[in-house]
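What's in run.tsv: TSV, C-alpha atoms
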```tsv
chain	number	residue	atom	x	y	z
Q	1	MET	CA	-74.27	-22.10	-24.64
Q	2	SER	CA	-70.62	-21.87	-25.77
Q	3	ARG	CA	-68.47	-19.05	-24.36
Q	4	ARG	CA	-66.59	-17.06	-26.93
Q	5	ARG	CA	-62.80	-17.28	-26.46
Q	6	LYS	CA	-61.12	-13.90	-26.24
Q	7	THR	CA	-58.20	-13.28	-28.52
Q	8	LEU	CA	-55.32	-10.95	-27.72
Q	9	THR	CA	-54.78	-7.94	-29.82
Q	10	LYS	CA	-51.45	-7.42	-31.52
Q	11	ALA	CA	-50.49	-4.78	-28.95
Q	12	GLN	CA	-51.40	-7.08	-26.06
Q	13	LYS	CA	-49.34	-9.91	-27.54
Q	14	LYS	CA	-46.36	-7.59	-27.89
Q	15	LYS	CA	-46.71	-6.43	-24.30
Q	16	LEU	CA	-46.97	-10.02	-23.02
Q	17	LEU	CA	-43.89	-11.02	-24.98
Q	18	SER	CA	-41.98	-8.08	-23.48
Q	19	LEU	CA	-43.04	-9.11	-19.97
Q	20	LEU	CA	-41.98	-12.70	-20.57
Q	21	MET	CA	-38.61	-11.55	-21.91
Q	22	ALA	CA	-38.12	-9.27	-18.92
Q	23	ALA	CA	-38.88	-12.17	-16.59
Q	24	VAL	CA	-36.33	-14.36	-18.36
Q	25	VAL	CA	-33.69	-11.60	-18.17
Q	26	ILE	CA	-34.39	-11.02	-14.46
Q	27	CYS	CA	-34.09	-14.75	-13.77
Q	28	ALA	CA	-30.79	-14.86	-15.66
Q	29	ALA	CA	-29.48	-11.85	-13.73
Q	30	TRP	CA	-30.53	-13.38	-10.41
Q	31	PHE	CA	-28.77	-16.64	-11.32
Q	32	MET	CA	-25.57	-14.77	-12.25
Q	33	THR	CA	-25.50	-12.67	-9.08
Q	34	SER	CA	-26.15	-15.74	-6.92
Q	35	ARG	CA	-22.97	-17.23	-8.36
Q	36	GLY	CA	-20.98	-14.03	-7.79
Q	37	GLN	CA	-20.81	-13.20	-11.50
Q	38	SER	CA	-21.05	-9.69	-12.92
Q	39	ILE	CA	-24.28	-8.83	-14.74
Q	40	GLN	CA	-22.69	-5.88	-16.52
Q	41	PRO	CA	-23.02	-7.53	-19.97
Q	42	LEU	CA	-26.80	-7.81	-19.40
Q	43	VAL	CA	-27.05	-4.28	-18.00
Q	44	GLU	CA	-25.63	-2.89	-21.24
Q	45	TYR	CA	-28.68	-4.27	-23.10
Q	46	PHE	CA	-31.23	-4.09	-20.28
Q	47	PRO	CA	-30.50	-0.95	-18.20
Q	48	PHE	CA	-33.57	-1.56	-15.95
Q	49	LEU	CA	-31.58	-4.32	-14.23
Q	50	GLU	CA	-29.53	-1.69	-12.38
Q	51	GLU	CA	-32.62	-0.69	-10.41
Q	52	ILE	CA	-33.36	-4.30	-9.45
Q	53	PHE	CA	-29.75	-5.39	-8.85
Q	54	PRO	CA	-27.76	-2.31	-7.75
Q	55	GLN	CA	-24.14	-2.82	-8.74
Q	56	GLU	CA	-21.36	-1.92	-6.31
Q	57	ARG	CA	-19.01	0.52	-7.97
Q	58	VAL	CA	-15.56	-0.99	-7.82
Q	59	PRO	CA	-12.77	1.52	-8.44
Q	60	VAL	CA	-10.61	0.91	-11.47
Q	61	SER	CA	-7.10	-0.18	-10.61
Q	62	ALA	CA	-5.03	2.97	-10.55
Q	63	PRO	CA	-1.27	2.58	-10.14
Q	64	ALA	CA	-0.71	6.36	-10.37
Q	65	SER	CA	-1.49	8.19	-13.60
Q	66	GLY	CA	1.00	6.76	-16.04
Q	67	ASP	CA	3.57	9.53	-15.63
Q	68	ARG	CA	3.60	10.05	-11.87
Q	69	LEU	CA	4.76	8.30	-8.74
Q	70	ARG	CA	2.81	8.38	-5.49
Q	71	VAL	CA	4.23	7.22	-2.17
Q	72	HIS	CA	1.75	6.87	0.71
Q	73	ILE	CA	3.03	6.63	4.28
Q	74	LEU	CA	-0.01	5.16	6.00
Q	75	ASP	CA	-1.04	6.14	9.50
Q	76	VAL	CA	-1.10	2.73	11.19
Q	77	GLY	CA	-0.08	3.78	14.69
Q	78	GLN	CA	3.08	2.22	16.11
Q	79	ALA	CA	3.62	0.15	12.97
Q	80	ASP	CA	4.61	0.48	9.31
Q	81	CYS	CA	2.84	0.30	5.97
Q	82	ILE	CA	3.75	2.08	2.73
Q	83	LEU	CA	1.85	2.09	-0.56
Q	84	ILE	CA	3.79	2.89	-3.73
Q	85	GLN	CA	1.76	3.61	-6.86
Q	86	GLY	CA	4.27	3.54	-9.68
Q	87	PRO	CA	3.67	4.58	-13.27
Q	88	GLU	CA	2.79	0.98	-14.13
Q	89	LYS	CA	3.03	-1.19	-11.01
Q	90	THR	CA	1.67	-1.03	-7.49
Q	91	MET	CA	3.67	-2.11	-4.45
Q	92	VAL	CA	2.99	-2.34	-0.71
Q	93	ILE	CA	5.77	-2.42	1.88
Q	94	ASP	CA	4.84	-4.05	5.21
Q	95	GLY	CA	1.35	-4.40	6.66
Q	96	GLY	CA	1.18	-2.98	10.18
Q	97	GLU	CA	-0.23	-5.08	13.02
Q	98	SER	CA	-3.10	-7.50	12.46
Q	99	LYS	CA	-5.54	-4.95	13.89
Q	100	ASN	CA	-4.48	-2.44	11.22
Q	101	ALA	CA	-5.49	-4.70	8.30
Q	102	PRO	CA	-9.11	-3.47	7.88
Q	103	ASP	CA	-7.94	0.17	7.72
Q	104	ILE	CA	-5.15	-0.69	5.29
Q	105	ILE	CA	-7.53	-2.59	3.01
Q	106	ARG	CA	-10.02	0.27	3.08
Q	107	TYR	CA	-7.28	2.81	2.30
Q	108	LEU	CA	-5.92	0.81	-0.63
Q	109	GLN	CA	-9.41	0.38	-2.07
Q	110	ASP	CA	-10.08	4.11	-1.68
Q	111	GLN	CA	-6.94	4.70	-3.75
Q	112	GLY	CA	-8.33	2.48	-6.50
Q	113	VAL	CA	-6.00	-0.44	-5.86
Q	114	GLU	CA	-7.60	-3.64	-7.14
Q	115	ARG	CA	-4.34	-5.55	-7.45
Q	116	ILE	CA	-1.03	-5.40	-5.61
Q	117	ASP	CA	1.69	-6.29	-8.08
Q	118	TYR	CA	4.39	-6.59	-5.42
Q	119	TYR	CA	4.16	-7.05	-1.65
Q	120	LEU	CA	7.32	-6.69	0.42
Q	121	ASN	CA	7.98	-7.46	4.08
Q	122	THR	CA	11.08	-5.63	5.32
Q	123	HIS	CA	11.56	-7.99	8.28
Q	124	PRO	CA	9.45	-10.37	10.37
Q	125	HIS	CA	8.35	-8.21	13.30
Q	126	SER	CA	4.61	-8.19	13.96
Q	127	ASP	CA	4.27	-4.41	13.47
Q	128	HIS	CA	5.54	-4.95	9.92
Q	129	TYR	CA	3.95	-8.28	8.92
Q	130	GLY	CA	0.86	-8.50	11.15
Q	131	GLY	CA	-1.74	-7.36	8.61
Q	132	ILE	CA	-0.16	-8.73	5.43
Q	133	THR	CA	-2.12	-11.99	5.27
Q	134	GLN	CA	-5.48	-10.22	5.58
Q	135	VAL	CA	-4.52	-7.60	2.99
Q	136	MET	CA	-3.41	-10.25	0.51
Q	137	GLN	CA	-6.60	-12.23	1.09
Q	138	ALA	CA	-8.66	-9.12	0.31
Q	139	ILE	CA	-6.65	-7.81	-2.65
Q	140	PRO	CA	-5.05	-10.12	-5.25
Q	141	THR	CA	-1.25	-10.02	-5.08
Q	142	GLY	CA	1.21	-10.96	-7.80
Q	143	GLU	CA	4.53	-11.50	-6.00
Q	144	PHE	CA	5.81	-11.48	-2.42
Q	145	PHE	CA	9.34	-10.30	-1.53
Q	146	HIS	CA	11.33	-10.86	1.66
Q	147	HIS	CA	14.84	-11.48	2.97
Q	148	PRO	CA	15.22	-14.50	5.28
Q	149	VAL	CA	16.58	-13.98	8.77
Q	150	PRO	CA	18.78	-16.56	10.53
Q	151	GLU	CA	16.77	-19.72	11.15
Q	152	GLU	CA	17.11	-19.45	14.92
Q	153	ASN	CA	15.50	-15.99	14.75
Q	154	THR	CA	12.59	-16.91	12.49
Q	155	PRO	CA	9.37	-16.13	14.36
Q	156	THR	CA	7.25	-19.02	15.54
Q	157	THR	CA	4.27	-16.77	16.27
Q	158	ARG	CA	0.85	-17.81	15.06
Q	159	GLY	CA	0.58	-14.69	12.89
Q	160	TYR	CA	3.86	-15.29	11.05
Q	161	GLN	CA	3.16	-18.98	10.54
Q	162	LYS	CA	-0.25	-18.00	9.15
Q	163	LEU	CA	1.45	-15.72	6.61
Q	164	ILE	CA	3.88	-18.45	5.53
Q	165	GLN	CA	1.04	-20.97	5.20
Q	166	TYR	CA	-1.04	-18.51	3.17
Q	167	LEU	CA	1.83	-17.96	0.75
Q	168	VAL	CA	2.09	-21.72	0.27
Q	169	ASP	CA	-1.65	-22.39	-0.01
Q	170	SER	CA	-2.27	-19.48	-2.40
Q	171	GLN	CA	0.78	-20.41	-4.49
Q	172	THR	CA	1.88	-16.77	-4.44
Q	173	LYS	CA	5.22	-16.33	-6.17
Q	174	THR	CA	7.71	-15.70	-3.35
Q	175	THR	CA	11.12	-14.15	-4.05
Q	176	VAL	CA	14.14	-13.55	-1.81
Q	177	LEU	CA	15.62	-10.08	-2.22
Q	178	ASP	CA	19.35	-9.48	-1.81
Q	179	PRO	CA	21.43	-6.30	-2.02
Q	180	GLY	CA	21.80	-5.27	-5.65
Q	181	ASP	CA	18.39	-6.62	-6.67
Q	182	THR	CA	15.92	-4.21	-8.27
Q	183	ILE	CA	12.17	-4.01	-8.69
Q	184	ASP	CA	10.85	-2.23	-11.78
Q	185	LEU	CA	7.66	-0.22	-11.19
Q	186	GLY	CA	7.53	0.90	-14.83
Q	187	GLY	CA	7.97	4.26	-16.50
Q	188	GLY	CA	11.54	4.56	-15.24
Q	189	ALA	CA	10.67	4.07	-11.55
Q	190	VAL	CA	13.13	1.54	-10.09
Q	191	LEU	CA	13.51	0.36	-6.50
Q	192	SER	CA	17.04	-0.88	-5.72
Q	193	TYR	CA	17.87	-2.85	-2.59
Q	194	LEU	CA	20.95	-1.88	-0.60
Q	195	ALA	CA	20.79	-4.02	2.55
Q	196	PRO	CA	21.10	-6.11	4.64
Q	197	LEU	CA	24.71	-6.70	3.62
Q	198	GLU	CA	25.42	-9.14	6.44
Q	199	GLU	CA	23.49	-11.70	8.47
Q	200	TYR	CA	22.71	-10.11	11.83
Q	201	ASP	CA	21.60	-11.65	15.10
Q	202	ASP	CA	18.84	-9.11	15.58
Q	203	MET	CA	15.84	-8.73	13.31
Q	204	ASN	CA	15.96	-4.94	12.93
Q	205	ASN	CA	19.35	-4.90	11.22
Q	206	ASN	CA	18.13	-7.61	8.87
Q	207	SER	CA	15.57	-5.12	7.49
Q	208	LEU	CA	15.47	-4.68	3.73
Q	209	VAL	CA	16.62	-1.15	2.86
Q	210	GLY	CA	15.61	0.18	-0.55
Q	211	ARG	CA	16.15	3.32	-2.63
Q	212	LEU	CA	13.44	4.25	-5.14
Q	213	VAL	CA	14.39	6.54	-8.03
Q	214	TYR	CA	12.00	8.24	-10.44
Q	215	GLY	CA	13.29	11.00	-12.69
Q	216	LYS	CA	15.30	13.43	-10.58
Q	217	ARG	CA	13.67	12.32	-7.32
Q	218	ALA	CA	14.60	9.57	-4.88
Q	219	PHE	CA	13.08	7.95	-1.77
Q	220	LEU	CA	14.86	5.87	0.88
Q	221	PHE	CA	12.92	3.19	2.79
Q	222	THR	CA	14.71	1.69	5.79
Q	223	GLY	CA	12.38	-0.58	7.78
Q	224	ASP	CA	13.85	-0.84	11.29
Q	225	ALA	CA	17.52	-0.84	10.25
Q	226	GLU	CA	19.90	0.22	13.02
Q	227	ARG	CA	23.52	1.42	13.24
Q	228	LYS	CA	25.18	-1.90	12.30
Q	229	SER	CA	23.31	-2.09	9.03
Q	230	GLU	CA	23.74	1.64	8.37
Q	231	ASN	CA	27.51	1.41	8.87
Q	232	ALA	CA	27.74	-1.52	6.46
Q	233	ILE	CA	25.74	0.43	3.87
Q	234	LEU	CA	28.01	3.47	4.27
Q	235	GLU	CA	31.13	1.30	3.89
Q	236	SER	CA	29.72	-0.24	0.70
Q	237	GLY	CA	29.82	3.17	-0.97
Q	238	VAL	CA	26.37	2.88	-2.61
Q	239	GLU	CA	24.42	5.99	-3.54
Q	240	LEU	CA	22.22	7.04	-0.61
Q	241	SER	CA	21.03	10.52	-1.48
Q	242	ALA	CA	17.25	10.84	-1.30
Q	243	ASP	CA	14.71	13.66	-1.34
Q	244	VAL	CA	12.43	11.79	1.07
Q	245	TYR	CA	13.94	9.68	3.86
Q	246	SER	CA	11.69	7.26	5.73
Q	247	ILE	CA	13.36	7.31	9.15
Q	248	PRO	CA	14.03	3.79	10.53
Q	249	HIS	CA	12.43	2.16	13.55
Q	250	HIS	CA	9.72	4.78	14.16
Q	251	GLY	CA	12.29	7.48	14.91
Q	252	SER	CA	14.24	5.49	17.50
Q	253	ASN	CA	17.75	6.68	18.37
Q	254	THR	CA	19.05	3.21	17.46
Q	255	GLY	CA	19.26	4.33	13.84
Q	256	MET	CA	20.02	7.35	11.65
Q	257	SER	CA	23.50	8.36	12.73
Q	258	GLN	CA	24.69	11.83	11.78
Q	259	LYS	CA	27.01	10.33	9.16
Q	260	PHE	CA	24.15	8.39	7.59
Q	261	LEU	CA	21.87	11.44	7.60
Q	262	ASP	CA	24.60	13.50	5.93
Q	263	ALA	CA	24.94	10.84	3.20
Q	264	VAL	CA	21.19	10.81	2.54
Q	265	ASP	CA	20.91	14.62	2.71
Q	266	PRO	CA	17.09	14.57	2.47
Q	267	GLU	CA	14.71	17.41	1.71
Q	268	PHE	CA	12.02	15.79	3.89
Q	269	ALA	CA	11.90	13.02	6.48
Q	270	THR	CA	8.90	10.87	7.38
Q	271	ILE	CA	8.31	8.89	10.57
Q	272	SER	CA	5.66	6.20	11.05
Q	273	VAL	CA	4.83	6.35	14.73
Q	274	GLY	CA	1.91	5.90	17.09
Q	275	GLU	CA	0.59	8.71	19.25
Q	276	GLY	CA	1.58	8.34	22.91
Q	277	ASN	CA	3.40	5.04	22.29
Q	278	ASP	CA	5.16	3.21	25.15
Q	279	TYR	CA	8.62	3.49	23.55
Q	280	GLY	CA	8.92	7.26	23.56
Q	281	HIS	CA	9.23	7.28	19.76
Q	282	PRO	CA	10.34	9.36	18.05
Q	283	HIS	CA	13.31	9.90	20.34
Q	284	GLN	CA	14.41	13.45	21.00
Q	285	ASP	CA	17.91	12.74	19.64
Q	286	THR	CA	16.41	11.90	16.26
Q	287	LEU	CA	14.20	14.99	16.13
Q	288	GLU	CA	17.05	17.31	17.16
Q	289	ARG	CA	19.38	15.84	14.53
Q	290	LEU	CA	16.79	16.44	11.81
Q	291	HIS	CA	16.08	19.95	13.09
Q	292	LYS	CA	19.77	20.91	13.09
Q	293	ALA	CA	20.06	19.60	9.53
Q	294	GLY	CA	17.07	21.75	8.48
Q	295	VAL	CA	15.03	18.69	7.46
Q	296	PRO	CA	11.25	18.96	8.02
Q	297	CYS	CA	10.01	15.90	9.91
Q	298	LEU	CA	6.58	14.64	8.83
Q	299	ARG	CA	5.04	12.32	11.44
Q	300	THR	CA	1.98	10.12	11.03
Q	301	ASP	CA	1.00	10.61	14.68
Q	302	LEU	CA	0.64	14.35	14.03
Q	303	LEU	CA	-0.33	14.51	10.35
Q	304	GLY	CA	-2.14	11.22	9.65
Q	305	ASN	CA	-1.59	9.67	6.21
Q	306	ILE	CA	1.19	11.31	4.22
Q	307	VAL	CA	1.14	11.22	0.40
Q	308	ILE	CA	4.14	12.34	-1.68
Q	309	GLU	CA	3.61	12.74	-5.42
Q	310	THR	CA	6.15	13.51	-8.13
Q	311	GLU	CA	6.28	13.54	-11.91
Q	312	GLY	CA	10.04	13.15	-11.61
Q	313	GLU	CA	10.78	16.84	-11.09
Q	314	GLY	CA	8.81	18.53	-8.30
Q	315	LEU	CA	7.35	17.18	-5.06
Q	316	VAL	CA	3.82	17.66	-3.78
Q	317	ILE	CA	3.12	16.45	-0.24
Q	318	VAL	CA	-0.42	16.20	1.10
Q	319	THR	CA	-1.38	14.94	4.56
Q	320	ASP	CA	-4.66	14.42	6.37
Q	321	GLN	CA	-4.01	17.78	8.02
Q	322	GLY	CA	-3.24	19.73	4.82
Q	323	GLN	CA	-0.62	20.29	2.13
Q	324	VAL	CA	3.00	20.59	3.27
Q	325	ILE	CA	4.91	23.72	2.25
Q	326	LYS	CA	8.58	23.86	3.30
Q	327	SER	CA	9.39	27.05	5.20
Q	328	ALA	CA	12.60	29.05	5.14
Q	329	ASP	CA	13.66	27.97	8.64
Q	330	GLY	CA	13.74	24.29	7.71
Q	331	GLY	CA	10.30	23.55	9.11
Q	332	PHE	CA	7.04	23.42	7.21
Q	333	ASP	CA	3.62	25.02	7.05
Q	334	LEU	CA	0.30	23.32	6.34
Q	335	VAL	CA	-2.05	24.75	3.74
Q	336	GLN	CA	-5.65	23.73	4.20
Q	337	PRO	CA	-7.46	22.71	1.00
Q	338	GLU	CA	-10.38	24.87	-0.12
Q	339	ARG	CA	-13.70	23.39	0.84
```
Written form, structure tokens:
Amino acid sequence: MSRRRKTLTKAQKKKLLSLLMAAVVICAAWFMTSRGQSIQPLVEYFPFLEEIFPQERVPVSAPASGDRLRVHILDVGQADCILIQGPEKTMVIDGGESKNAPDIIRYLQDQGVERIDYYLNTHPHSDHYGGITQVMQAIPTGEFFHHPVPEENTPTTRGYQKLIQYLVDSQTKTTVLDPGDTIDLGGGAVLSYLAPLEEYDDMNNNSLVGRLVYGKRAFLFTGDAERKSENAILESGVELSADVYSIPHHGSNTGMSQKFLDAVDPEFATISVGEGNDYGHPHQDTLERLHKAGVPCLRTDLLGNIVIETEGEGLVIVTDQGQVIKSADGGFDLVQPER
């Protein structure tokens, strides 16, 4: 007795074809993800893939908003790291110690930084270069800037040699900065380098010192520059005035003479410093000089991350502890954001 073969209805055939197509699409998506490729082109046509292969939301690169400048003084303890989000380009100055790298990477990613256009090391001390290699490995970087120190003072530490080797292996464009050189961050934001004007025996005075101008506002970044470098800068007669002055060497009394402070004449000062550090930074001399000048001193050990934003006219300063409002007595108050 012959058994009658069942035939599929038109609806069943359509359903089977859909299942087969879905299987093919899933296999294709799996193959792409296994190779580290984005499946976004497939998701646009087959939205169900998002439920099977959840996509990590990567922030869009955001070097400010096109008409604003943001300067972030990162809280990296007794070390230095500054993020500058220009109207068109993003720049990072220094990279803290090696142990700070994971926090720096996380902070940059939280700010939407997918690419660092320019990375600058002010001078080769570990609290300024320690985390750079790890940051550059995690976030693509276009160009690296530095100023060479005397050969006999070039660090032979494992961390510094690792940075140099990474720059070579990754074929990152590496540029020597000299006084008078500028870096264009787009939209009229320009960072001009003022020092070092001489070759010094000590590393701190060989720090790159830069003045960033955007609209009517200016920022001065000083690394660990001390009195010798400051005196040379003053004698050169370059413009030093700045609304925000990043105090050198974590607030040590080895830098920021009264004459230099008078030339800068800042509205605010920032100090990158670690809580309870072994050096006694910031030194009392530095704090008293700023207080007498009526300059509010914003410290990372007390306020956490400090973000200064300007559209070229006003200044808005926000810290982890609240928004900074300058008070009449030369200090400042903190306004807590509404929850």
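Minimum distance to Q:Gly330 across Q:Glu267, Q:Val318, Q:Glu288, Q:Val295 (counting only C-alpha atoms) occurs at Q:Val295.
Taking only C-alpha atoms into account, Q:Ser192 lies nearest to Q:Leu212 out of the set Q:Leu290, Q:Leu212, Q:Ala28, Q:Val244.
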### Task
Would you list the residues near (-4.9, -7.8, -1.9) (no more than 8 Å away, in the coordinates of the file, using all atoms listed in the file) as a ChimeraX atom specification?
/Q:105,114-116,134-141
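Restricting the calculation to all atoms listed in the file, the smallest distance between Q:Leu302 and any of Q:Cys27, Q:Ile325, Q:Leu315, Q:Gly274 is found for Q:Gly274.
Remark: for Q:Ile183, the closest of the candidate residues Q:Arg68, Q:His128, Q:Lys162, Q:Lys89 is Q:Lys89 (distances computed over all atoms listed in the file).
For the pair atom CA of Q:Tyr193 and atom CA of Q:Ala232, the interatomic distance is 13.5 Å.
Nearest residue to Q:Ser241 among Q:Ala22, Q:Ala225, Q:Val264, Q:Val113 is Q:Val264, counting only C-alpha atoms.
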### Message
Would you pick out the contacts of Q:Asp67 at 9 Å or less, using all atoms listed in the file, so that residues sharing its chain but fewer than 2 positions from it are not included, and give the list as number ranges by chain?
### Response
Q: 64-65, 69, 86-88, 187, 310-312
Once you have the residues from the selection above, write them out as a compact mmCIF listing (two decimals), keeping the file's coordinate frame, restricted to C-alpha atoms.
```
# COMPACT_ATOMS: atom_id res chain seq x y z
CA ALA Q 64 -0.71 6.36 -10.37
CA SER Q 65 -1.49 8.19 -13.60
CA LEU Q 69 4.76 8.30 -8.74
CA GLY Q 86 4.27 3.54 -9.68
CA PRO Q 87 3.67 4.58 -13.27
CA GLU Q 88 2.79 0.98 -14.13
CA GLY Q 187 7.97 4.26 -16.50
CA THR Q 310 6.15 13.51 -8.13
CA GLU Q 311 6.28 13.54 -11.91
CA GLY Q 312 10.04 13.15 -11.61
```
## Note on the structure
Restricting to only C-alpha atoms, whichever of Q:Asp169, Q:Asp243, Q:Glu309, Q:Glu143 is closest to Q:Tyr118 is Q:Glu143
### Task
May I have the protein, DNA and RNA residues with any atom at most 8 Å from the point (-1.0, -8.9, 8.5), counting only C-alpha atoms, written as a ChimeraX atom specification?
/Q:95-98,100-101,126,128-135,159,163
